[in-house]
Structure formats: structure tokens, C-alpha cells
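Containing PDB, C-alpha atoms and all ligand atoms: upload_37.pdb.
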```pdb
ATOM      1  CA  MET A   1      44.017  13.518  18.966
ATOM      2  CA  PHE A   2      42.787  16.198  16.625
ATOM      3  CA  LYS A   3      43.919  14.280  13.537
ATOM      4  CA  ASP A   4      41.380  11.555  14.396
ATOM      5  CA  THR A   5      38.647  14.187  14.671
ATOM      6  CA  LEU A   6      39.697  15.591  11.304
ATOM      7  CA  LYS A   7      39.668  12.157   9.718
ATOM      8  CA  SER A   8      36.156  11.402  10.947
ATOM      9  CA  GLN A   9      34.612  14.851  10.421
ATOM     10  CA  GLN A  10      36.362  16.130   7.295
ATOM     11  CA  PRO A  11      37.392  12.925   5.529
ATOM     12  CA  VAL A  12      37.970  14.594   2.150
ATOM     13  CA  VAL A  13      40.239  17.263   3.608
ATOM     14  CA  PHE A  14      42.070  14.602   5.587
ATOM     15  CA  ARG A  15      42.682  12.521   2.463
ATOM     16  CA  ILE A  16      43.972  15.441   0.363
ATOM     17  CA  LEU A  17      46.429  16.564   3.025
ATOM     18  CA  ASP A  18      47.387  13.010   3.931
ATOM     19  CA  ASN A  19      48.427  12.390   0.330
ATOM     20  CA  ALA A  20      50.345  15.645   0.092
ATOM     21  CA  LEU A  21      52.210  14.883   3.330
ATOM     22  CA  LYS A  22      52.921  11.308   2.298
ATOM     23  CA  ASN A  23      54.332  12.325  -1.077
ATOM     24  CA  ASP A  24      56.028  15.433   0.285
ATOM     25  CA  ASN A  25      54.077  17.306  -2.314
ATOM     26  CA  LEU A  26      52.612  20.267  -0.449
ATOM     27  CA  SER A  27      51.528  23.458  -2.139
ATOM     28  CA  HIS A  28      53.216  26.703  -1.148
ATOM     29  CA  CYS A  29      49.852  28.221  -0.346
ATOM     30  CA  TYR A  30      46.615  26.750   0.842
ATOM     31  CA  LEU A  31      43.252  28.415   1.119
ATOM     32  CA  PHE A  32      41.048  26.731   3.694
ATOM     33  CA  THR A  33      37.456  27.781   3.093
ATOM     34  CA  GLY A  34      34.157  26.754   4.585
ATOM     35  CA  PRO A  35      31.623  27.957   7.130
ATOM     36  CA  ARG A  36      32.627  28.851  10.675
ATOM     37  CA  GLY A  37      33.129  25.926  13.004
ATOM     38  CA  THR A  38      34.322  23.459  10.386
ATOM     39  CA  LEU A  39      37.773  22.856  11.914
ATOM     40  CA  LYS A  40      39.659  24.995   9.384
ATOM     41  CA  GLN A  41      41.861  26.729  11.895
ATOM     42  CA  GLU A  42      42.574  23.593  13.881
ATOM     43  CA  THR A  43      43.518  21.844  10.639
ATOM     44  CA  ALA A  44      45.844  24.716   9.696
ATOM     45  CA  PHE A  45      47.673  24.254  13.006
ATOM     46  CA  LEU A  46      47.812  20.486  12.561
ATOM     47  CA  LEU A  47      49.281  20.911   9.088
ATOM     48  CA  ALA A  48      51.877  23.350  10.432
ATOM     49  CA  GLN A  49      52.739  20.860  13.180
ATOM     50  CA  SER A  50      52.963  18.046  10.652
ATOM     51  CA  LEU A  51      55.639  19.961   8.762
ATOM     52  CA  VAL A  52      57.945  20.373  11.746
ATOM     53  CA  CYS A  53      57.091  17.546  14.157
ATOM     54  CA  SER A  54      60.063  15.407  15.133
ATOM     55  CA  HIS A  55      57.933  12.437  16.243
ATOM     56  CA  LYS A  56      55.516  12.013  13.369
ATOM     57  CA  VAL A  57      52.914   9.270  13.535
ATOM     58  CA  GLY A  58      52.517   8.107   9.960
ATOM     59  CA  ASN A  59      52.235  11.244   7.834
ATOM     60  CA  TRP A  60      50.935  13.463  10.614
ATOM     61  CA  ALA A  61      52.206  15.393  13.605
ATOM     62  CA  CYS A  62      52.245  13.601  16.948
ATOM     63  CA  GLU A  63      50.564  16.695  18.452
ATOM     64  CA  GLU A  64      52.480  16.141  21.683
ATOM     65  CA  CYS A  65      56.181  16.779  21.157
ATOM     66  CA  LEU A  66      57.952  20.041  21.894
ATOM     67  CA  GLU A  67      57.714  21.276  18.294
ATOM     68  CA  CYS A  68      53.999  20.493  18.164
ATOM     69  CA  ILE A  69      53.344  22.268  21.444
ATOM     70  CA  ARG A  70      55.361  25.299  20.359
ATOM     71  CA  ILE A  71      53.377  25.598  17.129
ATOM     72  CA  LYS A  72      50.190  25.358  19.146
ATOM     73  CA  ASN A  73      51.378  28.080  21.532
ATOM     74  CA  ASP A  74      52.686  30.231  18.683
ATOM     75  CA  SER A  75      56.184  30.154  20.102
ATOM     76  CA  TYR A  76      57.929  28.303  17.258
ATOM     77  CA  VAL A  77      60.511  30.589  15.670
ATOM     78  CA  ASP A  78      59.850  29.734  12.013
ATOM     79  CA  PHE A  79      56.104  30.069  12.419
ATOM     80  CA  ILE A  80      53.890  33.141  12.171
ATOM     81  CA  TYR A  81      50.256  33.282  13.085
ATOM     82  CA  LEU A  82      48.122  36.293  12.168
ATOM     83  CA  ASP A  83      44.490  36.584  13.139
ATOM     84  CA  GLY A  84      42.168  38.829  11.146
ATOM     85  CA  SER A  85      39.342  38.144  13.589
ATOM     86  CA  ARG A  86      41.209  40.153  16.219
ATOM     87  CA  GLU A  87      42.421  43.085  14.182
ATOM     88  CA  LEU A  88      42.429  44.435  10.667
ATOM     89  CA  LEU A  89      45.581  43.109   9.010
ATOM     90  CA  LYS A  90      47.794  45.834   7.615
ATOM     91  CA  ILE A  91      50.827  45.981   5.384
ATOM     92  CA  GLU A  92      53.092  45.998   8.465
ATOM     93  CA  HIS A  93      51.801  42.519   9.322
ATOM     94  CA  ILE A  94      52.643  41.232   5.852
ATOM     95  CA  ASN A  95      56.064  42.904   6.016
ATOM     96  CA  THR A  96      56.748  40.942   9.195
ATOM     97  CA  ILE A  97      56.190  37.686   7.335
ATOM     98  CA  GLN A  98      58.312  38.846   4.418
ATOM     99  CA  ASP A  99      61.175  39.956   6.650
ATOM    100  CA  GLN A 100      61.197  36.803   8.690
ATOM    101  CA  PHE A 101      60.750  34.498   5.716
ATOM    102  CA  SER A 102      63.567  36.109   3.735
ATOM    103  CA  GLN A 103      66.027  34.735   6.303
ATOM    104  CA  THR A 104      67.068  31.099   6.575
ATOM    105  CA  ALA A 105      65.006  28.907   8.819
ATOM    106  CA  LEU A 106      66.284  28.863  12.372
ATOM    107  CA  GLU A 107      64.650  25.701  13.649
ATOM    108  CA  ALA A 108      65.951  22.216  12.854
ATOM    109  CA  ALA A 109      63.042  21.286  10.583
ATOM    110  CA  GLY A 110      64.119  23.960   8.094
ATOM    111  CA  LYS A 111      60.512  24.822   7.236
ATOM    112  CA  LYS A 112      58.705  28.128   7.531
ATOM    113  CA  VAL A 113      54.989  28.201   7.974
ATOM    114  CA  PHE A 114      52.502  30.999   8.368
ATOM    115  CA  ILE A 115      48.787  30.910   9.041
ATOM    116  CA  ILE A 116      46.493  33.852   8.433
ATOM    117  CA  ASN A 117      43.147  33.287  10.084
ATOM    118  CA  ASP A 118      40.120  35.239   8.803
ATOM    119  CA  CYS A 119      42.450  36.540   6.116
ATOM    120  CA  GLU A 120      39.657  38.517   4.428
ATOM    121  CA  ASN A 121      40.056  41.169   7.112
ATOM    122  CA  MET A 122      43.029  42.746   5.429
ATOM    123  CA  THR A 123      43.597  46.152   3.855
ATOM    124  CA  LEU A 124      43.920  46.242   0.073
ATOM    125  CA  LYS A 125      47.506  47.401   0.458
ATOM    126  CA  ALA A 126      48.286  44.416   2.654
ATOM    127  CA  ALA A 127      46.539  42.051   0.242
ATOM    128  CA  ASN A 128      48.560  43.367  -2.687
ATOM    129  CA  SER A 129      51.774  43.046  -0.737
ATOM    130  CA  LEU A 130      50.823  39.512   0.266
ATOM    131  CA  LEU A 131      50.094  38.671  -3.351
ATOM    132  CA  LYS A 132      53.553  39.796  -4.420
ATOM    133  CA  PHE A 133      55.061  37.740  -1.644
ATOM    134  CA  ILE A 134      53.267  34.503  -2.549
ATOM    135  CA  GLU A 135      53.993  34.963  -6.236
ATOM    136  CA  GLU A 136      57.609  34.138  -5.490
ATOM    137  CA  PRO A 137      57.478  31.597  -2.691
ATOM    138  CA  SER A 138      60.678  30.145  -1.352
ATOM    139  CA  ASP A 139      61.054  26.360  -1.450
ATOM    140  CA  ASN A 140      60.696  25.660   2.221
ATOM    141  CA  MET A 141      57.659  27.796   3.012
ATOM    142  CA  VAL A 142      54.001  26.950   3.365
ATOM    143  CA  GLY A 143      51.307  29.585   3.835
ATOM    144  CA  ILE A 144      47.809  28.723   4.990
ATOM    145  CA  PHE A 145      44.960  31.192   4.563
ATOM    146  CA  VAL A 146      41.810  30.511   6.495
ATOM    147  CA  THR A 147      38.518  32.158   5.636
ATOM    148  CA  SER A 148      34.783  31.693   5.811
ATOM    149  CA  GLN A 149      34.281  34.512   3.302
ATOM    150  CA  PRO A 150      36.436  33.773   0.254
ATOM    151  CA  GLU A 151      34.344  36.202  -1.802
ATOM    152  CA  ARG A 152      36.061  39.020   0.085
ATOM    153  CA  LEU A 153      39.545  37.967  -1.052
ATOM    154  CA  LEU A 154      41.405  39.210  -4.104
ATOM    155  CA  PRO A 155      40.749  36.704  -6.920
ATOM    156  CA  THR A 156      44.453  36.843  -7.716
ATOM    157  CA  ILE A 157      45.242  35.552  -4.220
ATOM    158  CA  ILE A 158      42.708  32.763  -4.526
ATOM    159  CA  SER A 159      44.157  31.666  -7.855
ATOM    160  CA  ARG A 160      47.620  31.356  -6.291
ATOM    161  CA  CYS A 161      46.393  28.954  -3.622
ATOM    162  CA  GLN A 162      45.307  25.382  -3.544
ATOM    163  CA  LYS A 163      41.749  25.652  -2.328
ATOM    164  CA  ILE A 164      40.530  23.156   0.225
ATOM    165  CA  SER A 165      36.835  23.250   1.093
ATOM    166  CA  PHE A 166      35.600  22.280   4.529
ATOM    167  CA  ARG A 167      32.015  21.101   4.634
ATOM    168  CA  PRO A 168      29.635  22.154   7.400
ATOM    169  CA  LEU A 169      29.782  19.923  10.461
ATOM    170  CA  PRO A 170      26.538  18.505  11.701
ATOM    171  CA  LYS A 171      25.364  21.045  14.292
ATOM    172  CA  THR A 172      23.584  18.204  16.020
ATOM    173  CA  MET A 173      26.970  16.954  17.162
ATOM    174  CA  PHE A 174      27.608  20.101  19.232
ATOM    175  CA  TYR A 175      23.985  20.236  20.310
ATOM    176  CA  ASP A 176      24.014  16.661  21.600
ATOM    177  CA  PHE A 177      27.301  17.283  23.353
ATOM    178  CA  ALA A 178      25.858  20.356  25.086
ATOM    179  CA  ILE A 179      22.755  18.473  26.206
ATOM    180  CA  GLN A 180      24.933  15.648  27.564
ATOM    181  CA  ASN A 181      26.706  18.297  29.609
ATOM    182  CA  ASP A 182      23.474  19.495  31.218
ATOM    183  CA  ILE A 183      23.127  22.618  29.114
ATOM    184  CA  ASP A 184      19.496  23.592  28.505
ATOM    185  CA  PRO A 185      18.015  23.291  24.969
ATOM    186  CA  LEU A 186      18.145  27.020  24.123
ATOM    187  CA  ASN A 187      21.773  27.421  25.131
ATOM    188  CA  ALA A 188      22.680  24.104  23.517
ATOM    189  CA  HIS A 189      21.135  25.428  20.312
ATOM    190  CA  LEU A 190      22.800  28.852  20.483
ATOM    191  CA  LEU A 191      26.191  27.567  21.539
ATOM    192  CA  SER A 192      26.252  24.903  18.845
ATOM    193  CA  GLU A 193      25.957  27.747  16.329
ATOM    194  CA  LEU A 194      28.528  29.999  17.990
ATOM    195  CA  VAL A 195      31.515  27.818  18.796
ATOM    196  CA  GLN A 196      34.128  25.984  16.805
ATOM    197  CA  ASN A 197      34.746  23.036  19.067
ATOM    198  CA  LYS A 198      33.547  21.227  22.167
ATOM    199  CA  GLU A 199      36.072  22.721  24.578
ATOM    200  CA  GLN A 200      35.080  26.190  23.476
ATOM    201  CA  LEU A 201      31.422  25.312  23.881
ATOM    202  CA  LEU A 202      31.860  24.427  27.536
ATOM    203  CA  ALA A 203      34.117  27.404  28.212
ATOM    204  CA  VAL A 204      31.781  29.932  26.593
ATOM    205  CA  SER A 205      28.670  28.517  28.240
ATOM    206  CA  ASN A 206      30.124  29.389  31.624
ATOM    207  CA  THR A 207      31.078  32.985  30.935
ATOM    208  CA  SER A 208      28.913  35.794  32.259
ATOM    209  CA  THR A 209      29.454  37.800  29.053
ATOM    210  CA  TYR A 210      27.749  35.066  27.038
ATOM    211  CA  GLN A 211      24.960  34.548  29.582
ATOM    212  CA  ASN A 212      24.353  38.299  29.742
ATOM    213  CA  ALA A 213      24.244  38.470  25.958
ATOM    214  CA  VAL A 214      21.507  35.826  25.817
ATOM    215  CA  ASN A 215      19.437  37.629  28.452
ATOM    216  CA  TYR A 216      19.966  41.014  26.815
ATOM    217  CA  PHE A 217      18.973  39.643  23.448
ATOM    218  CA  VAL A 218      15.742  38.044  24.668
ATOM    219  CA  GLU A 219      14.812  41.192  26.617
ATOM    220  CA  PHE A 220      15.790  43.453  23.752
ATOM    221  CA  MET A 221      13.682  41.577  21.216
ATOM    222  CA  THR A 222      10.717  41.474  23.589
ATOM    223  CA  TYR A 223      10.881  45.275  23.766
ATOM    224  CA  TYR A 224      11.682  45.529  20.073
ATOM    225  CA  PHE A 225       8.410  43.944  19.032
ATOM    226  CA  LYS A 226       6.490  46.280  21.340
ATOM    227  CA  ASN A 227       8.294  49.561  20.978
ATOM    228  CA  LYS A 228      11.573  50.045  19.146
ATOM    229  CA  LYS A 229      12.571  53.169  21.082
ATOM    230  CA  THR A 230      12.277  51.412  24.424
ATOM    231  CA  ALA A 231      14.283  48.509  23.024
ATOM    232  CA  MET A 232      17.087  50.800  21.972
ATOM    233  CA  ILE A 233      17.293  52.587  25.270
ATOM    234  CA  TYR A 234      17.326  49.219  27.008
ATOM    235  CA  LEU A 235      20.219  47.993  24.887
ATOM    236  CA  GLU A 236      22.327  51.099  25.278
ATOM    237  CA  ASN A 237      21.837  51.077  29.022
ATOM    238  CA  ASN A 238      22.715  47.435  29.415
ATOM    239  CA  LEU A 239      25.265  46.612  26.771
ATOM    240  CA  PHE A 240      27.404  49.623  27.293
ATOM    241  CA  ASN A 241      28.908  49.307  30.708
ATOM    242  CA  THR A 242      29.698  52.799  31.958
ATOM    243  CA  ASN A 243      32.561  51.320  33.900
ATOM    244  CA  GLN A 244      35.520  52.222  31.661
ATOM    245  CA  SER A 245      37.635  49.389  32.976
ATOM    246  CA  ASP A 246      35.390  46.758  31.499
ATOM    247  CA  ARG A 247      35.282  47.723  27.829
ATOM    248  CA  LYS A 248      36.694  44.398  26.693
ATOM    249  CA  SER A 249      33.863  42.362  28.145
ATOM    250  CA  ASP A 250      31.358  44.906  26.773
ATOM    251  CA  ARG A 251      32.719  44.262  23.292
ATOM    252  CA  GLU A 252      32.688  40.540  23.789
ATOM    253  CA  CYS A 253      29.141  40.699  25.070
ATOM    254  CA  PHE A 254      27.990  42.710  22.060
ATOM    255  CA  GLN A 255      29.737  40.237  19.771
ATOM    256  CA  TYR A 256      27.802  37.361  21.346
ATOM    257  CA  PHE A 257      24.662  39.465  21.139
ATOM    258  CA  LEU A 258      25.116  39.917  17.372
ATOM    259  CA  ASN A 259      25.873  36.237  16.872
ATOM    260  CA  ILE A 260      22.749  35.289  18.814
ATOM    261  CA  ALA A 261      20.806  37.775  16.677
ATOM    262  CA  THR A 262      22.028  35.943  13.564
ATOM    263  CA  VAL A 263      20.841  32.617  14.968
ATOM    264  CA  PHE A 264      17.479  34.174  15.771
ATOM    265  CA  ALA A 265      17.025  35.527  12.229
ATOM    266  CA  ASP A 266      18.049  32.153  10.786
ATOM    267  CA  ASP A 267      15.651  30.305  13.086
ATOM    268  CA  TYR A 268      12.888  32.640  12.005
ATOM    269  CA  HIS A 269      13.750  32.192   8.351
ATOM    270  CA  ASP A 270      14.071  28.394   8.550
ATOM    271  CA  ASN A 271      11.119  27.835  10.901
ATOM    272  CA  ILE A 272      13.291  26.105  13.480
ATOM    273  CA  VAL A 273      11.559  24.887  16.625
ATOM    274  CA  ILE A 274      13.477  25.029  19.903
ATOM    275  CA  ASP A 275      12.288  23.504  23.135
ATOM    276  CA  ASP A 276      12.428  26.780  25.021
ATOM    277  CA  GLN A 277       9.489  28.923  26.054
ATOM    278  CA  SER A 278      11.094  32.369  25.754
ATOM    279  CA  TRP A 279      12.699  31.677  22.380
ATOM    280  CA  GLU A 280       9.498  30.149  21.012
ATOM    281  CA  THR A 281       7.511  33.180  22.199
ATOM    282  CA  LEU A 282       9.951  35.505  20.447
ATOM    283  CA  LEU A 283       9.754  33.549  17.209
ATOM    284  CA  ASN A 284       5.951  33.488  17.359
ATOM    285  CA  THR A 285       5.817  37.220  17.986
ATOM    286  CA  ALA A 286       8.184  37.739  15.063
ATOM    287  CA  ARG A 287       5.773  35.801  12.833
ATOM    288  CA  GLU A 288       2.785  37.801  14.037
ATOM    289  CA  LYS A 289       4.597  41.079  13.483
ATOM    290  CA  ASN A 290       5.951  40.148  10.045
ATOM    291  CA  PHE A 291       9.507  40.509  11.232
ATOM    292  CA  ALA A 292      11.772  42.034   8.549
ATOM    293  CA  SER A 293      14.546  39.486   9.009
ATOM    294  CA  GLY A 294      16.497  40.656   5.949
ATOM    295  CA  LYS A 295      16.912  44.206   7.189
ATOM    296  CA  PHE A 296      17.617  42.915  10.668
ATOM    297  CA  LEU A 297      20.349  40.590   9.431
ATOM    298  CA  LYS A 298      21.919  43.380   7.418
ATOM    299  CA  ALA A 299      22.194  45.597  10.496
ATOM    300  CA  VAL A 300      23.693  42.666  12.404
ATOM    301  CA  THR A 301      26.284  41.936   9.707
ATOM    302  CA  THR A 302      27.268  45.602   9.516
ATOM    303  CA  GLY A 303      27.617  45.602  13.302
ATOM    304  CA  LYS A 304      29.898  42.559  13.197
ATOM    305  CA  ASP A 305      32.081  44.225  10.579
ATOM    306  CA  ALA A 306      32.237  47.411  12.621
ATOM    307  CA  LEU A 307      33.373  45.450  15.686
ATOM    308  CA  ILE A 308      36.445  44.367  13.751
ATOM    309  CA  HIS A 309      37.210  47.724  12.204
ATOM    310  CA  SER A 310      36.269  50.272  14.809
ATOM    311  CA  ALA A 311      37.431  50.879  18.346
ATOM    312  CA  ASN A 312      34.510  52.953  19.580
ATOM    313  CA  LEU A 313      31.981  50.533  21.020
ATOM    314  CA  LEU A 314      29.314  53.100  21.843
ATOM    315  CA  LEU A 315      29.452  54.358  18.275
ATOM    316  CA  ILE A 316      29.141  50.807  16.952
ATOM    317  CA  ILE A 317      26.098  50.139  19.119
ATOM    318  CA  ASP A 318      24.520  53.467  18.086
ATOM    319  CA  GLN A 319      25.135  52.724  14.423
ATOM    320  CA  PHE A 320      23.666  49.248  14.850
ATOM    321  CA  LEU A 321      20.517  50.656  16.444
ATOM    322  CA  TYR A 322      20.278  53.310  13.755
ATOM    323  CA  ASN A 323      20.549  50.688  10.990
ATOM    324  CA  LEU A 324      18.033  48.503  12.779
ATOM    325  CA  SER A 325      15.511  51.309  12.912
ATOM    326  CA  GLY A 326      16.045  51.854   9.193
ATOM    327  CA  GLY A 327      17.290  55.356   9.857
ATOM    328  CA  GLU A 328      14.051  56.478  11.482
TER     329      GLU A 328
HETATM  330 ZN    ZN B 401      55.082  16.351  17.294
END
```

Target format C-alpha cells, applied to this file:
Amino acid sequence: MFKDTLKSQQPVVFRILDNALKNDNLSHCYLFTGPRGTLKQETAFLLAQSLVCSHKVGNWACEECLECIRIKNDSYVDFIYLDGSRELLKIEHINTIQDQFSQTALEAAGKKVFIINDCENMTLKAANSLLKFIEEPSDNMVGIFVTSQPERLLPTIISRCQKISFRPLPKTMFYDFAIQNDIDPLNAHLLSELVQNKEQLLAVSNTSTYQNAVNYFVEFMTYYFKNKKTAMIYLENNLFNTNQSDRKSDRECFQYFLNIATVFADDYHDNIVIDDQSWETLLNTAREKNFASGKFLKAVTTGKDALIHSANLLLIIDQFLYNLSGGE
């Protein structure tokens, strides 16, 4: 059960919420903050389930009954889930919550819950509208905002929420799990940085988009240290599938590529040693060439932002390469 995972991996968070549930003393708004992969989103869903579950075990949701399943599948009527990692959240999204939450609860539990994942990806207009909404919460509603970048939120929103901090999980846990599942050391290392949970780790490791991204990245960097122009041509030719029908996997592949790039820059910066010949060679070359990891990371971060905000993948890749070359 996820609640057991939460208890063992985020004991402080577990205790705070356990008390609030026990005393029926929940805040109207929570802000779950902490690095990626720290179980924030899973905890948000568990909290939502715990408010409506009809078969509670102690203070927490059973995670198995119909209500729990419907929250999990986002098919519970008095529940709204918005995901800023998939699209930029606009005022229309916030209006949906307002409209639905201004009516009486339809489900038996009489509670209304919304979760906004990666809530920093919201227009200013939407954020202001949201602020107005949470300034006058109704009695039976709970809102949960999830973010790994609280610095991008309006301070006035933060001050309205009870902040709950999730601490980083030991990456070694995911790494060991990957190794136990016959994943090689490089992929175990990369995946443990990219995923949020064990199921996702296994699922992602098997996708061709992820595997392609790893290969493209290693090839790209090998070229990059020799000749930047060649590297860029290589990336454009490979990452941008000219087959129009497969844009979605192109995007996904580039997203993995950028995430792998972040791991690489961090490894370089922190002098991490991985038991993998190709990765070690890349890191050594980076050291020899005085790799400008700061500039590199900045281009990567801008690219990640652009992936959320812009639809034109080719343009995003071009902009990324342009930033990487420092506008040369
Ligand atoms: Zn339940």
C-alpha cells in the first residue's frame, strides 16, 4: 500500500497528515514542495482518497474501494486534477474548479478536492484567479498544490497554503531496485534520476523513446566535444522524426534527452563515477575540454521550459542548439 511507503520514506509528512486526518483538522489548501521524485503527487492522491474513502483503515484511505479507485482514475465527480506538466494552466482551468466547486458536492462523502500538479506552470491571470478562489474557501473543500519549484509561485498563494516539504528520497533506493531488475549501471543511474517511482522506472526502461534518447545523448556529446556543428546536425537529423505521425514520441524523446543532459551536467559537476565505459569516457572528455556545464545546463533548462510552453518541436530543438552554441 502506498501509505506504508509514505510512512517509511517521508515519515514527517506522514505524521503531519496523519494528525490532521485524525483530528479532522485539515487545511483548505496544501502546498506540497520538494524535489522531483519525492512522492508528492502520490501523497496528494492518497490524501484526496483519505477524504472520501468509505473503508478507511485508521486515518487513511484503504486505497482499494470504489471511491479510492475513482480518485486514482480521476473519475470521481467531486474531484478535479489539473496537471501543469502537460500543459500551461490557464484561467479557463481555474474557472472549471470555481464553477464545479460553487455547487454542492454530488458524491456521498460531501467533500470536494482538487489537485494541481506542477502548479507553477500557470499564467499570471490564472494564478490571480486561483488566489481569489482560495481566499474564500468553502468549508468542505481541500486544494492540494504540488510543485518542485515553489519560487515560481505567487508569494500570496504560498502564504495561503499550509506548506509541507518532502525531502529527497535516497536515489540509491531506485538504483538498487534497477540493478536487481537486471538493468545495467548506466541506465540504473539515469533512470533513478528520471522517475518518480519503481513502476515507472521499469516501464520507462523498456520504451524505445527512452533508449533512443540515451543513445542520441551519448552520440551527440561525443560529437559535441569534437565539433559542435556536426553534433547539431546529428541531433536535428535524429531527434526530429520527419514522419509527421510520430511527433508525440519525438517530444517525449527530446524530453528524456534533456533530462539525461541534466544528469550528465550534475555528474560532471559532482564528480560522480558510474560503472559504464561510454559515460565515463564522456565525463573524462568533458574534464579535458573544460566543459562549460553552467551554460549547458541553462540551455537545457530553457529547452525544458519551452517543451511545456511551445508546440513547435523543431523550433524548440533549434533554439536549444542555438543556446548551446552560445549564439555562435
Ligand atoms: Zn477506500

With distances taken over all atoms listed in the file, which of A:Cys68, A:Leu89, A:Leu51, A:Leu21 is nearest to A:Lys125?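 Checking each of A:Cys68, A:Leu89, A:Leu51, A:Leu21 against A:Lys125, counting all atoms listed in the file, the winner is A:Leu89.
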
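Of the residues under consideration (A:Ala292, A:Ile94, A:Ala311, A:Met173), A:Met173 shows the shortest atom-to-atom contact distance to A:Gln9 when counting only C-alpha atoms.
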
Closest of A:Leu239, A:Leu314, A:Leu47, A:Cys53 to ligand ZN 401 (chain B) - atom-to-atom distances counting all atoms listed in the file: A:Cys53

Residue IDs satisfying the PyMOL selection byres (((not hetatm)) within 7 of (chain B and resi 401)), as a PyMOL selection string: chain A and resi 49+53-56+61-68

Sel. within 12 Å of pt (26.7, 50.7, 18.3), counting only C-alpha atoms, output as an MDAnalysis selection string: chainID A and resid 232:233 235:237 239:240 250:251 254:255 257:258 299:300 302:307 310:324

Would you kindly return, as a ChimeraX atom specification, each protein, DNA or RNA residue with an atom no farther than 10 Å from any atom of A:Pro168, considering only C-alpha atoms and excluding same-chain residues fewer than 3 positions away? /A:9-10,34-39,165,171

By how many Å are atom CA of A:Lys112 and atom CA of A:Asp78 apart? 4.9 Å

Which residues fall under the PyMOL selection byres (((chain A and resi 279) around 12) and not hetatm) in this file, as an mmCIF file with C-alpha atoms, keeping the file's coordinate frame?
```
data_model
loop_
_atom_site.group_PDB
_atom_site.id
_atom_site.type_symbol
_atom_site.label_atom_id
_atom_site.label_comp_id
_atom_site.auth_asym_id
_atom_site.auth_seq_id
_atom_site.Cartn_x
_atom_site.Cartn_y
_atom_site.Cartn_z
ATOM 1 C CA PRO A 185 18.015 23.291 24.969
ATOM 2 C CA LEU A 186 18.145 27.020 24.123
ATOM 3 C CA ASN A 187 21.773 27.421 25.131
ATOM 4 C CA HIS A 189 21.135 25.428 20.312
ATOM 5 C CA LEU A 190 22.800 28.852 20.483
ATOM 6 C CA VAL A 214 21.507 35.826 25.817
ATOM 7 C CA ASN A 215 19.437 37.629 28.452
ATOM 8 C CA PHE A 217 18.973 39.643 23.448
ATOM 9 C CA VAL A 218 15.742 38.044 24.668
ATOM 10 C CA GLU A 219 14.812 41.192 26.617
ATOM 11 C CA MET A 221 13.682 41.577 21.216
ATOM 12 C CA THR A 222 10.717 41.474 23.589
ATOM 13 C CA ILE A 260 22.749 35.289 18.814
ATOM 14 C CA ALA A 261 20.806 37.775 16.677
ATOM 15 C CA VAL A 263 20.841 32.617 14.968
ATOM 16 C CA PHE A 264 17.479 34.174 15.771
ATOM 17 C CA ALA A 265 17.025 35.527 12.229
ATOM 18 C CA ASP A 267 15.651 30.305 13.086
ATOM 19 C CA TYR A 268 12.888 32.640 12.005
ATOM 20 C CA ILE A 272 13.291 26.105 13.480
ATOM 21 C CA VAL A 273 11.559 24.887 16.625
ATOM 22 C CA ILE A 274 13.477 25.029 19.903
ATOM 23 C CA ASP A 275 12.288 23.504 23.135
ATOM 24 C CA ASP A 276 12.428 26.780 25.021
ATOM 25 C CA GLN A 277 9.489 28.923 26.054
ATOM 26 C CA SER A 278 11.094 32.369 25.754
ATOM 27 C CA GLU A 280 9.498 30.149 21.012
ATOM 28 C CA THR A 281 7.511 33.180 22.199
ATOM 29 C CA LEU A 282 9.951 35.505 20.447
ATOM 30 C CA LEU A 283 9.754 33.549 17.209
ATOM 31 C CA ASN A 284 5.951 33.488 17.359
ATOM 32 C CA THR A 285 5.817 37.220 17.986
ATOM 33 C CA ALA A 286 8.184 37.739 15.063
#
```

Just so the selection is clear, what residues does the PyMOL selection byres (((chain A and resi 71) around 10) and not hetatm) cover here, as a PyMOL selection string? chain A and resi 45-46+48-50+52-53+63+66-70+72-81+113

Store the residues picked out above, limited to C-alpha atoms, as a PDB file, in the frame of the given file.
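The resulting selection30.pdb:
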```
ATOM      1  CA  PHE A  45      47.673  24.254  13.006  1.00  0.00           C
ATOM      2  CA  LEU A  46      47.812  20.486  12.561  1.00  0.00           C
ATOM      3  CA  ALA A  48      51.877  23.350  10.432  1.00  0.00           C
ATOM      4  CA  GLN A  49      52.739  20.860  13.180  1.00  0.00           C
ATOM      5  CA  SER A  50      52.963  18.046  10.652  1.00  0.00           C
ATOM      6  CA  VAL A  52      57.945  20.373  11.746  1.00  0.00           C
ATOM      7  CA  CYS A  53      57.091  17.546  14.157  1.00  0.00           C
ATOM      8  CA  GLU A  63      50.564  16.695  18.452  1.00  0.00           C
ATOM      9  CA  LEU A  66      57.952  20.041  21.894  1.00  0.00           C
ATOM     10  CA  GLU A  67      57.714  21.276  18.294  1.00  0.00           C
ATOM     11  CA  CYS A  68      53.999  20.493  18.164  1.00  0.00           C
ATOM     12  CA  ILE A  69      53.344  22.268  21.444  1.00  0.00           C
ATOM     13  CA  ARG A  70      55.361  25.299  20.359  1.00  0.00           C
ATOM     14  CA  LYS A  72      50.190  25.358  19.146  1.00  0.00           C
ATOM     15  CA  ASN A  73      51.378  28.080  21.532  1.00  0.00           C
ATOM     16  CA  ASP A  74      52.686  30.231  18.683  1.00  0.00           C
ATOM     17  CA  SER A  75      56.184  30.154  20.102  1.00  0.00           C
ATOM     18  CA  TYR A  76      57.929  28.303  17.258  1.00  0.00           C
ATOM     19  CA  VAL A  77      60.511  30.589  15.670  1.00  0.00           C
ATOM     20  CA  ASP A  78      59.850  29.734  12.013  1.00  0.00           C
ATOM     21  CA  PHE A  79      56.104  30.069  12.419  1.00  0.00           C
ATOM     22  CA  ILE A  80      53.890  33.141  12.171  1.00  0.00           C
ATOM     23  CA  TYR A  81      50.256  33.282  13.085  1.00  0.00           C
ATOM     24  CA  VAL A 113      54.989  28.201   7.974  1.00  0.00           C
TER      25      VAL A 113
END
```

My list of candidates is A:Ala44, A:Leu6, A:Leu17, A:Cys29. Which is closest to A:Leu130 when distances are computed with only C-alpha atoms?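 Going through A:Ala44, A:Leu6, A:Leu17, A:Cys29 one by one, the smallest distance to A:Leu130 is for A:Cys29.
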
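Among the candidates A:Cys119, A:Ala109, A:Val204, A:Leu194, the one nearest to A:Glu87 when counting all atoms listed in the file is A:Cys119.
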
Please report the interatomic distance between atom CA of A:Lys7 and atom CA of A:Lys198 in Å with one decimal.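 The value is 16.6 Å.
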
Mind giving me the straight-line distance from atom CA of A:Asn25 to atom CA of A:Met1 in Å, one decimal?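 Going from atom CA of A:Asn25 over to atom CA of A:Met1 covers 23.8 Å.
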
Identify the residues within 12 Å of coordinate (49.1, 46.7, 3.3) (same frame as the file), considering only C-alpha atoms, and give the answer as a list in words. Leu88, Leu89, Lys90, Ile91, Glu92, His93, Ile94, Asn95, Thr96, Asn121, Met122, Thr123, Leu124, Lys125, Ala126, Ala127, Asn128, Ser129, Leu130, Leu131, Lys132 and Phe133 of chain A

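Of the residues listed (A:Tyr30, A:Ser325, A:Phe296, A:Asn140), A:Tyr30 shows the shortest atom-to-atom separation from A:Ile157; distances use all atoms listed in the file.
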